[in-house]
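> TSV, C-alpha atoms and all ligand atoms, saved as run_31.tsv, coming up:
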chain	number	residue	atom	x	y	z
I	1	MET	CA	0.00	0.00	0.00
I	2	LEU	CA	2.87	2.38	0.82
I	3	GLU	CA	5.96	2.07	-1.30
I	4	ILE	CA	9.28	3.84	-1.04
I	5	ARG	CA	11.65	3.80	-3.96
I	6	ASN	CA	15.25	5.03	-3.97
I	7	LEU	CA	14.58	7.36	-1.08
I	8	SER	CA	17.31	9.68	0.17
I	9	SER	CA	16.83	12.41	2.73
I	10	GLY	CA	18.52	14.24	5.56
I	11	TYR	CA	18.99	17.58	7.20
I	12	GLY	CA	20.45	20.32	5.03
I	13	ALA	CA	23.87	19.22	3.81
I	14	ILE	CA	23.77	16.06	5.96
I	15	ASN	CA	22.37	13.04	4.17
I	16	VAL	CA	20.93	10.40	6.52
I	17	LEU	CA	18.92	7.96	4.38
I	18	TRP	CA	20.65	6.37	1.40
I	19	ASP	CA	18.66	4.81	-1.39
I	20	VAL	CA	16.01	3.21	0.81
I	21	ASN	CA	13.50	0.85	-0.82
I	22	LEU	CA	10.62	-0.47	1.28
I	23	THR	CA	7.09	-1.75	0.84
I	24	PHE	CA	4.51	-1.61	3.61
I	25	ARG	CA	1.66	-4.05	3.01
I	26	GLU	CA	-1.97	-3.11	3.66
I	27	GLY	CA	-3.28	-4.51	6.95
I	28	ALA	CA	0.19	-5.66	7.99
I	29	LEU	CA	2.37	-4.54	10.86
I	30	THR	CA	5.83	-3.68	9.61
I	31	ALA	CA	8.53	-3.24	12.23
I	32	ILE	CA	11.62	-1.18	11.55
I	33	VAL	CA	14.38	-1.88	14.02
I	34	GLY	CA	17.92	-0.61	14.26
I	35	PRO	CA	20.44	1.02	16.58
I	36	ASN	CA	20.49	4.68	17.64
I	37	GLY	CA	21.14	7.00	14.76
I	38	ALA	CA	20.19	4.41	12.09
I	39	GLY	CA	17.74	6.87	10.56
I	40	LYS	CA	14.45	5.32	11.68
I	41	THR	CA	12.90	8.57	12.90
I	42	THR	CA	14.27	10.35	9.85
I	43	LEU	CA	12.40	7.83	7.71
I	44	LEU	CA	9.13	8.66	9.46
I	45	ARG	CA	9.83	12.40	9.22
I	46	THR	CA	10.36	11.94	5.50
I	47	LEU	CA	7.16	9.93	5.09
I	48	THR	CA	5.19	12.62	6.90
I	49	GLY	CA	6.64	15.41	4.77
I	50	LEU	CA	8.58	17.07	7.57
I	51	ILE	CA	11.84	16.96	5.62
I	52	PRO	CA	12.43	16.99	1.86
I	53	HIS	CA	13.54	13.89	-0.02
I	54	LYS	CA	14.73	12.48	-3.29
I	55	GLY	CA	13.09	9.37	-4.70
I	56	GLU	CA	9.48	8.24	-4.73
I	57	ILE	CA	6.85	7.65	-2.06
I	58	LEU	CA	3.68	6.00	-3.39
I	59	LEU	CA	0.45	5.53	-1.44
I	60	GLY	CA	-1.91	3.12	-3.18
I	61	GLY	CA	0.21	3.52	-6.32
I	62	GLN	CA	-0.10	7.32	-6.34
I	63	PRO	CA	2.81	9.63	-5.56
I	64	LEU	CA	2.43	11.38	-2.22
I	65	LYS	CA	2.39	15.12	-2.67
I	66	GLY	CA	2.01	18.07	-0.38
I	67	LYS	CA	2.95	19.33	3.03
I	68	THR	CA	2.62	17.46	6.30
I	69	TRP	CA	-1.01	18.55	6.82
I	70	ASP	CA	-1.92	17.39	3.28
I	71	LEU	CA	-0.36	14.02	4.02
I	72	ALA	CA	-2.30	13.70	7.29
I	73	ALA	CA	-5.44	14.43	5.30
I	74	GLN	CA	-4.48	11.56	2.97
I	75	GLY	CA	-4.19	9.27	5.98
I	76	ILE	CA	-0.45	9.23	6.73
I	77	VAL	CA	-0.46	9.69	10.48
I	78	MET	CA	2.44	9.63	12.93
I	79	VAL	CA	2.52	8.93	16.64
I	80	PRO	CA	5.80	10.66	17.49
I	81	GLU	CA	8.67	9.43	19.60
I	82	GLY	CA	8.43	10.70	23.18
I	83	ARG	CA	4.62	11.04	22.92
I	84	LEU	CA	4.67	14.85	22.42
I	85	VAL	CA	1.23	15.41	23.89
I	86	PHE	CA	0.09	18.98	24.42
I	87	ARG	CA	0.78	19.15	28.13
I	88	ASP	CA	-1.43	22.15	28.94
I	89	MET	CA	-4.46	20.71	27.20
I	90	SER	CA	-6.82	18.04	28.51
I	91	VAL	CA	-6.80	14.45	27.32
I	92	GLU	CA	-9.96	15.11	25.33
I	93	GLU	CA	-8.58	18.26	23.71
I	94	ASN	CA	-5.48	16.33	22.67
I	95	LEU	CA	-7.65	13.63	21.12
I	96	CYS	CA	-9.82	16.18	19.31
I	97	LEU	CA	-6.74	17.77	17.76
I	98	GLY	CA	-6.08	14.46	16.03
I	99	ALA	CA	-9.37	14.90	14.17
I	100	TYR	CA	-8.18	18.12	12.57
I	101	PRO	CA	-8.28	16.81	8.94
I	102	ALA	CA	-11.60	17.93	7.40
I	103	ARG	CA	-12.71	14.35	6.61
I	104	CYS	CA	-12.58	13.50	10.36
I	105	ARG	CA	-14.47	16.46	11.78
I	106	GLY	CA	-18.03	15.45	10.88
I	107	ASP	CA	-18.31	12.51	13.26
I	108	LEU	CA	-16.10	13.83	16.03
I	109	SER	CA	-18.33	12.61	18.90
I	110	ALA	CA	-18.64	9.08	17.54
I	111	ASN	CA	-14.90	9.03	16.87
I	112	LEU	CA	-14.21	10.13	20.46
I	113	GLU	CA	-16.49	7.45	21.87
I	114	ARG	CA	-14.68	4.86	19.74
I	115	MET	CA	-11.40	6.04	21.28
I	116	TYR	CA	-12.78	5.85	24.81
I	117	ALA	CA	-14.02	2.31	24.14
I	118	PHE	CA	-10.50	1.47	23.00
I	119	PHE	CA	-8.74	3.28	25.85
I	120	PRO	CA	-11.15	3.18	28.85
I	121	ARG	CA	-8.49	4.76	31.09
I	122	LEU	CA	-8.51	7.88	28.92
I	123	LYS	CA	-12.26	8.21	29.39
I	124	GLU	CA	-11.73	8.32	33.17
I	125	ARG	CA	-9.12	11.02	32.65
I	126	ARG	CA	-10.76	12.94	29.84
I	127	ARG	CA	-10.66	16.28	31.70
I	128	GLN	CA	-7.15	15.80	33.14
I	129	LEU	CA	-4.27	17.86	31.75
I	130	ALA	CA	-2.13	15.68	29.50
I	131	GLY	CA	1.01	17.00	31.24
I	132	SER	CA	-0.04	15.26	34.46
I	133	LEU	CA	-0.46	11.79	32.93
I	134	SER	CA	1.88	8.86	33.48
I	135	GLY	CA	4.17	7.88	30.60
I	136	GLY	CA	1.93	4.95	29.65
I	137	GLU	CA	-1.22	7.08	29.71
I	138	ALA	CA	0.48	9.78	27.64
I	139	GLN	CA	1.46	7.09	25.11
I	140	MET	CA	-2.20	6.09	24.91
I	141	VAL	CA	-3.20	9.71	24.31
I	142	ALA	CA	-0.60	9.98	21.54
I	143	MET	CA	-1.88	6.79	19.92
I	144	GLY	CA	-5.52	7.84	20.37
I	145	ARG	CA	-4.77	11.25	18.84
I	146	GLY	CA	-3.26	9.48	15.83
I	147	LEU	CA	-6.26	7.17	15.49
I	148	MET	CA	-8.66	10.14	15.63
I	149	ALA	CA	-7.18	11.12	12.24
I	150	LYS	CA	-8.53	7.83	10.79
I	151	PRO	CA	-5.18	6.74	9.42
I	152	ARG	CA	-4.76	4.71	6.28
I	153	ILE	CA	-1.35	3.97	7.69
I	154	LEU	CA	-0.28	4.61	11.28
I	155	LEU	CA	3.41	5.29	11.93
I	156	ILE	CA	4.37	4.68	15.56
I	157	ASP	CA	7.81	5.83	16.68
I	158	GLU	CA	9.38	4.01	19.67
I	159	PRO	CA	6.24	3.57	21.79
I	160	SER	CA	8.14	1.67	24.49
I	161	LEU	CA	10.71	4.43	25.06
I	162	GLY	CA	11.14	5.20	28.75
I	163	LEU	CA	8.27	3.02	29.93
I	164	ALA	CA	8.38	0.36	32.66
I	165	PRO	CA	8.24	-3.23	31.34
I	166	VAL	CA	4.70	-3.81	32.61
I	167	ILE	CA	3.51	-0.66	30.79
I	168	VAL	CA	5.40	-1.70	27.65
I	169	ASN	CA	3.36	-4.92	27.69
I	170	GLU	CA	0.17	-2.86	27.95
I	171	VAL	CA	1.18	-0.64	25.04
I	172	PHE	CA	1.99	-3.70	22.91
I	173	ASP	CA	-1.37	-5.26	23.81
I	174	ILE	CA	-2.97	-2.13	22.34
I	175	ILE	CA	-0.81	-2.37	19.21
I	176	ARG	CA	-1.86	-6.03	18.85
I	177	LYS	CA	-5.50	-4.97	19.15
I	178	LEU	CA	-5.05	-2.27	16.50
I	179	LYS	CA	-3.46	-4.83	14.22
I	180	ALA	CA	-6.34	-7.27	14.81
I	181	GLU	CA	-8.73	-4.50	13.70
I	182	GLY	CA	-6.87	-4.34	10.39
I	183	THR	CA	-4.95	-1.09	10.91
I	184	THR	CA	-1.89	-0.85	8.69
I	185	ILE	CA	0.99	-0.06	11.04
I	186	VAL	CA	4.64	0.87	10.71
I	187	LEU	CA	6.31	0.42	14.06
I	188	ILE	CA	9.74	1.81	14.88
I	189	GLU	CA	11.17	-0.05	17.85
I	190	GLN	CA	14.46	-0.68	19.58
I	191	ASN	CA	12.90	-3.44	21.67
I	192	THR	CA	13.52	-6.10	19.04
I	193	ARG	CA	12.03	-8.92	21.09
I	194	MET	CA	8.67	-7.14	21.43
I	195	ALA	CA	8.75	-5.92	17.83
I	196	LEU	CA	9.28	-9.44	16.49
I	197	LYS	CA	6.35	-10.73	18.53
I	198	VAL	CA	3.83	-8.40	16.87
I	199	ALA	CA	5.31	-7.83	13.42
I	200	ASP	CA	4.43	-9.41	10.09
I	201	ASP	CA	7.46	-7.97	8.30
I	202	VAL	CA	10.74	-6.76	9.77
I	203	HIS	CA	13.34	-4.40	8.33
I	204	LEU	CA	16.65	-3.68	9.98
I	205	MET	CA	18.24	-0.29	9.37
I	206	ARG	CA	21.84	0.69	10.01
I	207	SER	CA	23.61	3.89	9.02
I	208	GLY	CA	20.70	5.09	6.91
I	209	LYS	CA	20.36	1.89	4.90
I	210	VAL	CA	18.07	-1.12	5.02
I	211	VAL	CA	20.35	-4.09	5.71
I	212	MET	CA	17.76	-6.83	6.24
I	213	SER	CA	14.14	-7.34	5.17
I	214	GLU	CA	12.32	-10.52	6.19
I	215	PRO	CA	8.92	-11.84	7.22
I	216	ALA	CA	8.97	-11.77	11.04
I	217	ALA	CA	8.33	-15.53	11.15
I	218	ASN	CA	11.69	-16.13	9.44
I	219	VAL	CA	13.75	-13.89	11.73
I	220	ASP	CA	15.98	-15.46	14.35
I	221	LEU	CA	16.49	-13.01	17.23
I	222	ASP	CA	20.19	-13.90	17.74
I	223	ARG	CA	20.97	-13.45	14.05
I	224	LEU	CA	19.04	-10.19	14.05
I	225	HIS	CA	21.13	-8.98	16.99
I	226	ASP	CA	24.37	-9.95	15.22
I	227	LEU	CA	23.32	-7.84	12.24
I	228	TYR	CA	21.98	-5.09	14.52
I	229	PHE	CA	25.32	-4.71	16.28
I	230	ALA	CA	27.34	-5.47	13.13
I	231	ARG	CA	29.15	-8.25	14.98
I	232	GLU	CA	32.23	-9.62	13.29
I	233	GLY	CA	31.50	-12.29	10.71
I	234	HIS	CA	27.77	-11.61	10.60
I	235	ALA	CA	27.59	-8.24	8.95
I	236	PRO	CA	25.96	-8.37	5.52
Y	301	LIG	P1	17.08	6.74	17.69
Y	301	LIG	O1	16.73	5.30	17.86
Y	301	LIG	O2	18.21	7.15	18.59
Y	301	LIG	O3	15.90	7.65	17.76
Y	301	LIG	P2	17.06	6.85	14.80
Y	301	LIG	O4	17.37	5.58	14.10
Y	301	LIG	O5	15.64	7.23	14.91
Y	301	LIG	O6	17.75	6.85	16.22
Y	301	LIG	P3	17.44	9.44	13.63
Y	301	LIG	O7	16.85	10.16	14.80
Y	301	LIG	O8	16.68	9.33	12.40
Y	301	LIG	O9	17.90	7.96	14.07
Y	301	LIG	O10	18.88	10.08	13.34
Y	301	LIG	C1	19.67	9.70	12.21
Y	301	LIG	C2	20.82	10.68	12.07
Y	301	LIG	O11	20.28	11.95	11.73
Y	301	LIG	C3	21.64	10.87	13.33
Y	301	LIG	O12	23.00	10.89	12.95
Y	301	LIG	C4	21.20	12.21	13.86
Y	301	LIG	O13	22.24	12.87	14.52
Y	301	LIG	C5	20.80	12.95	12.60
Y	301	LIG	N1	19.73	13.93	12.86
Y	301	LIG	C6	18.52	13.66	13.42
Y	301	LIG	N2	17.79	14.80	13.52
Y	301	LIG	C7	18.56	15.80	13.03
Y	301	LIG	C8	18.38	17.20	12.82
Y	301	LIG	N3	17.24	17.81	13.18
Y	301	LIG	N4	19.40	17.91	12.29
Y	301	LIG	C9	20.56	17.30	11.92
Y	301	LIG	N5	20.78	15.97	12.05
Y	301	LIG	C10	19.81	15.23	12.60
How would this structure read if it were set down as structure tokens?

Amino acid sequence: MLEIRNLSSGYGAINVLWDVNLTFREGALTAIVGPNGAGKTTLLRTLTGLIPHKGEILLGGQPLKGKTWDLAAQGIVMVPEGRLVFRDMSVEENLCLGAYPARCRGDLSANLERMYAFFPRLKERRRQLAGSLSGGEAQMVAMGRGLMAKPRILLIDEPSLGLAPVIVNEVFDIIRKLKAEGTTIVLIEQNTRMALKVADDVHLMRSGKVVMSEPAANVDLDRLHDLYFAREGHAP
């Protein structure tokens, strides 16, 4: 459904992604793993139009065009690393902001209720300022805000970052549920063990390049770690 061909991008004179080719299948969960600085977040920033690129990005066979807000309107939605909730706004206001694209505004109340059914804890805290939430709750707000935009493809950047293991499990249960509902998901994760458990397809990035692409069922965690850390004798 989303295809990237010969993609290069970076920041000003610094190139980060080098000739990246990837396909994200409709209804599948694609995990992108890789060490710090591999370019995973840069890939998501490129897909969401935050930084310019060379090469092609196709959604449903059509080239993606426009600024970030145009891309959100076309259903490319990102849940950013570190949650980035609006701390001085309530949980509900944060969720409503996700429904900013015009095609999501008409059925705002029904959309909100759907979110509260999905995240009952957020319903209890709907009037609470997002800045006073726990890390796990804030992650739920960030994911709910993304879902309010009715994504065709949901890009989730490092949802486990800084969360206690028990909360990480909760967040991954939600990701599993989203997947079961048929949401197309691209998940950036450093927690390879968790990523492998939920993914259909796995890509490993290092130094701005894709160095391994496999169905998750074929990936051996030890071999993945050898490639991940570029251990002697196992580097591609
Ligand atoms: P992490 O897991 O640590 O988040 P990552 O794989 O997501 O890493 P990126 O955040 O995409 O990696 O960073 C890739 C490279 O781009 C790094 O070398 C980083 O220093 C550089 N970079 C990231 N953001 C900027 C920026 N705003 N300006 C200049 N360089 C940047």
> Select, from I:Gly34, I:Gly82, I:Gly146, I:Gly135, the residue with the minimum atom-to-atom distance to ligand LIG 301 (chain Y), counting only C-alpha atoms and all ligand atoms.
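For ligand LIG 301 (chain Y), the nearest of the given residues is I:Gly34.
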> Hey, which residues sit close to ligand LIG 301 (chain Y)? Say within 10 Å, counting all atoms listed in the file, and write them as number ranges by chain.
I: 9-17, 32-46, 51, 81-82, 157-158, 161, 188-190, 205-208
> Can you list, as a list in words, every protein, DNA or RNA residue that comes within 8 Å of Gly55 in chain I when you count all atoms listed in the file, leaving out same-chain residues fewer than 3 positions away?
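Using all atoms listed in the file, the neighbours found are Ile4, Arg5, Asn6, Leu7, Ser8 and Asp19 of chain I.
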> List the neighbours of Ala138 in chain I out to 10 Å using all atoms listed in the file; skip same-chain residues closer than 2 positions along the sequence, and give me the result as a PyMOL selection string.
chain I and resi 82-87+91+122+130-136+140-144
> Considering all atoms listed in the file, return as a compact mmCIF listing (two decimals) with C-alpha atoms, in the coordinates of the input whatever protein or nucleic-acid residues lie within 12 Å of Leu64 in chain I, sequence-local ones (same chain, fewer than 4 positions apart) excluded.

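Contents of out_8.txt, freshly written:
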# COMPACT_ATOMS: atom_id res chain seq x y z
CA MET I 1 0.00 0.00 0.00
CA LEU I 2 2.87 2.38 0.82
CA GLU I 3 5.96 2.07 -1.30
CA ILE I 4 9.28 3.84 -1.04
CA THR I 46 10.36 11.94 5.50
CA LEU I 47 7.16 9.93 5.09
CA THR I 48 5.19 12.62 6.90
CA GLY I 49 6.64 15.41 4.77
CA HIS I 53 13.54 13.89 -0.02
CA GLY I 55 13.09 9.37 -4.70
CA GLU I 56 9.48 8.24 -4.73
CA ILE I 57 6.85 7.65 -2.06
CA LEU I 58 3.68 6.00 -3.39
CA LEU I 59 0.45 5.53 -1.44
CA GLY I 60 -1.91 3.12 -3.18
CA THR I 68 2.62 17.46 6.30
CA ASP I 70 -1.92 17.39 3.28
CA LEU I 71 -0.36 14.02 4.02
CA ALA I 72 -2.30 13.70 7.29
CA ALA I 73 -5.44 14.43 5.30
CA GLN I 74 -4.48 11.56 2.97
CA GLY I 75 -4.19 9.27 5.98
CA ILE I 76 -0.45 9.23 6.73
> Starting from 8 Å padding per side, set up an axis-aligned box that covers all listed atoms of range 93-111 of chain I and hand over centre and edge lengths in Å, one decimal, as AutoDock Vina command-line options.

--center_x -12.1 --center_y 13.6 --center_z 15.2 --size_x 29.2 --size_y 25.2 --size_z 33.1
> Report the distance between CA of Leu187 in chain I and CA of Ile156 in chain I in Å, rounded to one decimal place.
4.9 Å
> What does the distance between CA of Met194 in chain I and CA of Arg125 in chain I come to in Å, to one decimal place?
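Separation between CA of Met194 in chain I and CA of Arg125 in chain I: 27.8 Å.
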> Measuring between all atoms listed in the file, which one of I:Arg127, I:Gly61, I:Gly106, I:Tyr228 shows the shortest distance to Thr23 in chain I?
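Nearest candidate to Thr23 in chain I out of I:Arg127, I:Gly61, I:Gly106, I:Tyr228: I:Gly61.
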> Take the point (-8.2, -1.4, 14.1) as written in the file and pick out every residue within 12 Å of it, counting all atoms listed in the file; give the list as a compact mmCIF listing (two decimals) with C-alpha atoms, in the frame of the given file.

# COMPACT_ATOMS: atom_id res chain seq x y z
CA GLY I 27 -3.28 -4.51 6.95
CA ALA I 28 0.19 -5.66 7.99
CA LEU I 29 2.37 -4.54 10.86
CA ARG I 114 -14.68 4.86 19.74
CA MET I 115 -11.40 6.04 21.28
CA PHE I 118 -10.50 1.47 23.00
CA MET I 143 -1.88 6.79 19.92
CA GLY I 144 -5.52 7.84 20.37
CA LEU I 147 -6.26 7.17 15.49
CA MET I 148 -8.66 10.14 15.63
CA LYS I 150 -8.53 7.83 10.79
CA PRO I 151 -5.18 6.74 9.42
CA ARG I 152 -4.76 4.71 6.28
CA ILE I 153 -1.35 3.97 7.69
CA LEU I 154 -0.28 4.61 11.28
CA ILE I 174 -2.97 -2.13 22.34
CA ILE I 175 -0.81 -2.37 19.21
CA ARG I 176 -1.86 -6.03 18.85
CA LYS I 177 -5.50 -4.97 19.15
CA LEU I 178 -5.05 -2.27 16.50
CA LYS I 179 -3.46 -4.83 14.22
CA ALA I 180 -6.34 -7.27 14.81
CA GLU I 181 -8.73 -4.50 13.70
CA GLY I 182 -6.87 -4.34 10.39
CA THR I 183 -4.95 -1.09 10.91
CA THR I 184 -1.89 -0.85 8.69
CA ILE I 185 0.99 -0.06 11.04
> Please indicate the distance in Å from CA of Pro52 in chain I to CA of Trp18 in chain I, rounded to one decimal place.
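About the pair CA of Pro52 in chain I and CA of Trp18 in chain I: they are 13.4 Å apart.
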> Please provide as a short mmCIF file (atom, residue, chain, number, x, y, z; two decimals) with C-alpha atoms, in the frame of the given file all residues within 7 Å of Glu214 in chain I, with the sequence filter that same-chain residues fewer than 6 positions apart are discarded (counting all atoms listed in the file).

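Okay, around-v7.cif is ready:
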data_model
loop_
_atom_site.label_atom_id
_atom_site.label_comp_id
_atom_site.auth_asym_id
_atom_site.auth_seq_id
_atom_site.Cartn_x
_atom_site.Cartn_y
_atom_site.Cartn_z
CA ASP I 201 7.46 -7.97 8.30
CA VAL I 202 10.74 -6.76 9.77
CA HIS I 203 13.34 -4.40 8.33
#
> Neighbours of Ala99 in chain I within 9 Å (all atoms listed in the file; same-chain residues fewer than 2 positions away dropped), as a ChimeraX atom specification?
/I:95-97,101-105,108,111,145-150
